[in-house]
Amino acid sequence: MPLTRIKSLGITDGTITAADFASGVGGKVLQVITATDSTGRTTTSTSFVTGSNTLSVTITPSSASNKIYVLVSGNMQSVGSQDTYYTIYRGATNLGNVNNGFVYLLGYTYAGQCMSYLDSPSSTSALTYQVYMKTDSGGTARIPTGTSTASITCFEIAG
C-alpha cells in the first residue's frame, strides 16, 4: 500500500525529497486563529448555550476542499452534584454528540479538558466555531475555572 501511495504522488524512484512534501499534495496548515478567555463563565441552562463569547473563532477557508481542525482546551467544572456537558458548534451545528457534546463531567468535577474535531465544512464562507455548555437541572457548568485560561484554536488544513 505505501508504494501505491508513493507512485500516486509521482515518486517513481523511491526517493522522497523535501520538494515532494512541498508539492501541494495537501495536509499543510494554511492559517491558524486562536481566541482565549480567562474570565470564568457559567450557565445553569439544560440546553447547550454559548460558553463564552470570547471562546469563539471565525475562519474563512480558502478552498471548499480544505478542512478545519478545531482544538479547545481549558479547565472545566461541574459545580455541585449535577453533571455538565461541553461541545463545539460551527454556527448553529453541534459538532459533538447531540446530548453529551464532546466532554461530559460528573458532578463535583474540576478538570483540565480538551475537545478536538476535524471538520469538513465544504465552504469558502466565514465560519464561526464556538464553545457551548450545559448542565443537568439544578447544576452549574463553568469554563474556565479559577485563574486559568481556556482557548479555542482553528487550523485550516489544505485538502
# chains A, B, ... in the order shown; residues from 1 in each chain; ligands from 1
$ residues_around --residues "Tyr129 in chain A" --least-positions-apart "2" --cutoff "6 Å" --atoms "only C-alpha atoms" --output "compact mmCIF listing (two decimals) with N, CA and C atoms, in the first residue's frame"
# COMPACT_ATOMS: atom_id res chain seq x y z
N SER A 56 -14.51 32.00 20.82
CA SER A 56 -15.12 31.94 19.50
C SER A 56 -14.09 32.36 18.46
N VAL A 57 -14.03 31.61 17.36
CA VAL A 57 -13.10 31.91 16.28
C VAL A 57 -13.87 31.92 14.97
N TYR A 89 -19.58 24.17 18.54
CA TYR A 89 -20.54 24.45 17.48
C TYR A 89 -19.85 25.12 16.31
N ARG A 90 -20.28 24.79 15.10
CA ARG A 90 -19.97 25.57 13.90
C ARG A 90 -21.27 26.24 13.54
$ atom_distance --atom1 "CA of Gly96 in chain A" --atom2 "CA of Gly80 in chain A"
23.9 Å
$ residues_around --residues "range 25-36 of chain A" --least-positions-apart "6" --cutoff "6 Å" --atoms "only C-alpha atoms" --output "PDB file with N, CA and C atoms, in the first residue's frame"
ATOM      1  N   LEU A  55     -14.675  32.784  23.551  1.00  0.00           N
ATOM      2  CA  LEU A  55     -14.159  31.479  23.110  1.00  0.00           C
ATOM      3  C   LEU A  55     -14.804  31.153  21.776  1.00  0.00           C
ATOM      4  N   ALA A 150      -8.862  29.473  29.104  1.00  0.00           N
ATOM      5  CA  ALA A 150      -9.325  28.494  28.117  1.00  0.00           C
ATOM      6  C   ALA A 150      -9.023  29.053  26.732  1.00  0.00           C
ATOM      7  N   SER A 151      -8.861  28.147  25.761  1.00  0.00           N
ATOM      8  CA  SER A 151      -8.576  28.607  24.401  1.00  0.00           C
ATOM      9  C   SER A 151      -9.292  27.747  23.372  1.00  0.00           C
ATOM     10  N   ILE A 152      -9.545  28.362  22.222  1.00  0.00           N
ATOM     11  CA  ILE A 152     -10.045  27.655  21.060  1.00  0.00           C
ATOM     12  C   ILE A 152      -9.149  28.050  19.897  1.00  0.00           C
ATOM     13  N   THR A 153      -8.687  27.061  19.161  1.00  0.00           N
ATOM     14  CA  THR A 153      -7.799  27.306  18.029  1.00  0.00           C
ATOM     15  C   THR A 153      -8.331  26.563  16.809  1.00  0.00           C
ATOM     16  N   CYS A 154      -8.379  27.260  15.681  1.00  0.00           N
ATOM     17  CA  CYS A 154      -8.787  26.645  14.421  1.00  0.00           C
ATOM     18  C   CYS A 154      -7.601  26.653  13.459  1.00  0.00           C
ATOM     19  N   PHE A 155      -7.381  25.504  12.837  1.00  0.00           N
ATOM     20  CA  PHE A 155      -6.315  25.338  11.853  1.00  0.00           C
ATOM     21  C   PHE A 155      -6.977  25.017  10.522  1.00  0.00           C
ATOM     22  N   GLU A 156      -6.683  25.800   9.489  1.00  0.00           N
ATOM     23  CA  GLU A 156      -7.150  25.436   8.158  1.00  0.00           C
ATOM     24  C   GLU A 156      -6.115  24.494   7.554  1.00  0.00           C
ATOM     25  N   ILE A 157      -6.575  23.301   7.128  1.00  0.00           N
ATOM     26  CA  ILE A 157      -5.700  22.273   6.589  1.00  0.00           C
ATOM     27  C   ILE A 157      -6.009  22.114   5.103  1.00  0.00           C
ATOM     28  N   ALA A 158      -4.977  22.205   4.287  1.00  0.00           N
ATOM     29  CA  ALA A 158      -5.165  22.053   2.841  1.00  0.00           C
ATOM     30  C   ALA A 158      -5.729  20.676   2.527  1.00  0.00           C
ATOM     31  N   GLY A 159      -6.746  20.640   1.658  1.00  0.00           N
ATOM     32  CA  GLY A 159      -7.372  19.379   1.274  1.00  0.00           C
ATOM     33  C   GLY A 159      -6.674  18.832   0.118  1.00  0.00           C
TER      34      GLY A 159
END
$ atom_distance --atom1 "CA of Gly91 in chain A" --atom2 "CA of Leu127 in chain A"
6.8 Å
$ select_by_dssp --residues "range 6-157 of chain A" --states "helix (DSSP H, G or I)" --output "list in words"
Ile6, Lys7, Ser8, Ala18, Ala19, Asp20 and Phe21 of chain A
$ write_last_selection --atoms "N, CA and C atoms" --output "mmCIF file, in the first residue's frame"
data_model
loop_
_atom_site.group_PDB
_atom_site.id
_atom_site.type_symbol
_atom_site.label_atom_id
_atom_site.label_comp_id
_atom_site.auth_asym_id
_atom_site.auth_seq_id
_atom_site.Cartn_x
_atom_site.Cartn_y
_atom_site.Cartn_z
ATOM 1 N N ILE A 6 2.996 6.252 -2.846
ATOM 2 C CA ILE A 6 4.169 6.980 -3.339
ATOM 3 C C ILE A 6 4.060 7.176 -4.851
ATOM 4 N N LYS A 7 3.685 6.133 -5.580
ATOM 5 C CA LYS A 7 3.557 6.259 -7.026
ATOM 6 C C LYS A 7 2.456 7.250 -7.394
ATOM 7 N N SER A 8 1.384 7.301 -6.598
ATOM 8 C CA SER A 8 0.304 8.229 -6.915
ATOM 9 C C SER A 8 0.741 9.675 -6.720
ATOM 10 N N ALA A 18 12.463 16.905 -0.003
ATOM 11 C CA ALA A 18 11.694 17.999 0.591
ATOM 12 C C ALA A 18 10.720 18.583 -0.431
ATOM 13 N N ALA A 19 11.107 18.602 -1.692
ATOM 14 C CA ALA A 19 10.229 19.143 -2.738
ATOM 15 C C ALA A 19 8.962 18.317 -2.880
ATOM 16 N N ASP A 20 9.040 17.010 -2.614
ATOM 17 C CA ASP A 20 7.853 16.163 -2.692
ATOM 18 C C ASP A 20 6.825 16.568 -1.646
ATOM 19 N N PHE A 21 7.291 16.989 -0.476
ATOM 20 C CA PHE A 21 6.372 17.400 0.572
ATOM 21 C C PHE A 21 5.795 18.782 0.298
#
$ closest_residue --among "A:Asn66, A:Gln82, A:Thr135, A:Asn99" --to "Leu118 in chain A" --atoms "only C-alpha atoms"
A:Asn66
$ closest_residue --among "A:Thr87, A:Thr140, A:Ser62, A:Ser47" --to "Ser123 in chain A" --atoms "only C-alpha atoms"
A:Ser62
$ residues_around --residues "Ala111 in chain A" --least-positions-apart "5" --cutoff "9 Å" --atoms "only C-alpha atoms" --output "list in words"
Gly74, Asn75, Met76, Gln77 and Leu105 of chain A
$ atom_distance --atom1 "CA of Val49 in chain A" --atom2 "CA of Ala64 in chain A"
28.1 Å
$ closest_residue --among "A:Asp83, A:Asn97, A:Val72, A:Thr147" --to "Gln113 in chain A" --atoms "only C-alpha atoms"
A:Val72
$ closest_residue --among "A:Met115, A:Ile143, A:Gly138, A:Ser120" --to "Ser63 in chain A" --atoms "only C-alpha atoms"
A:Ser120
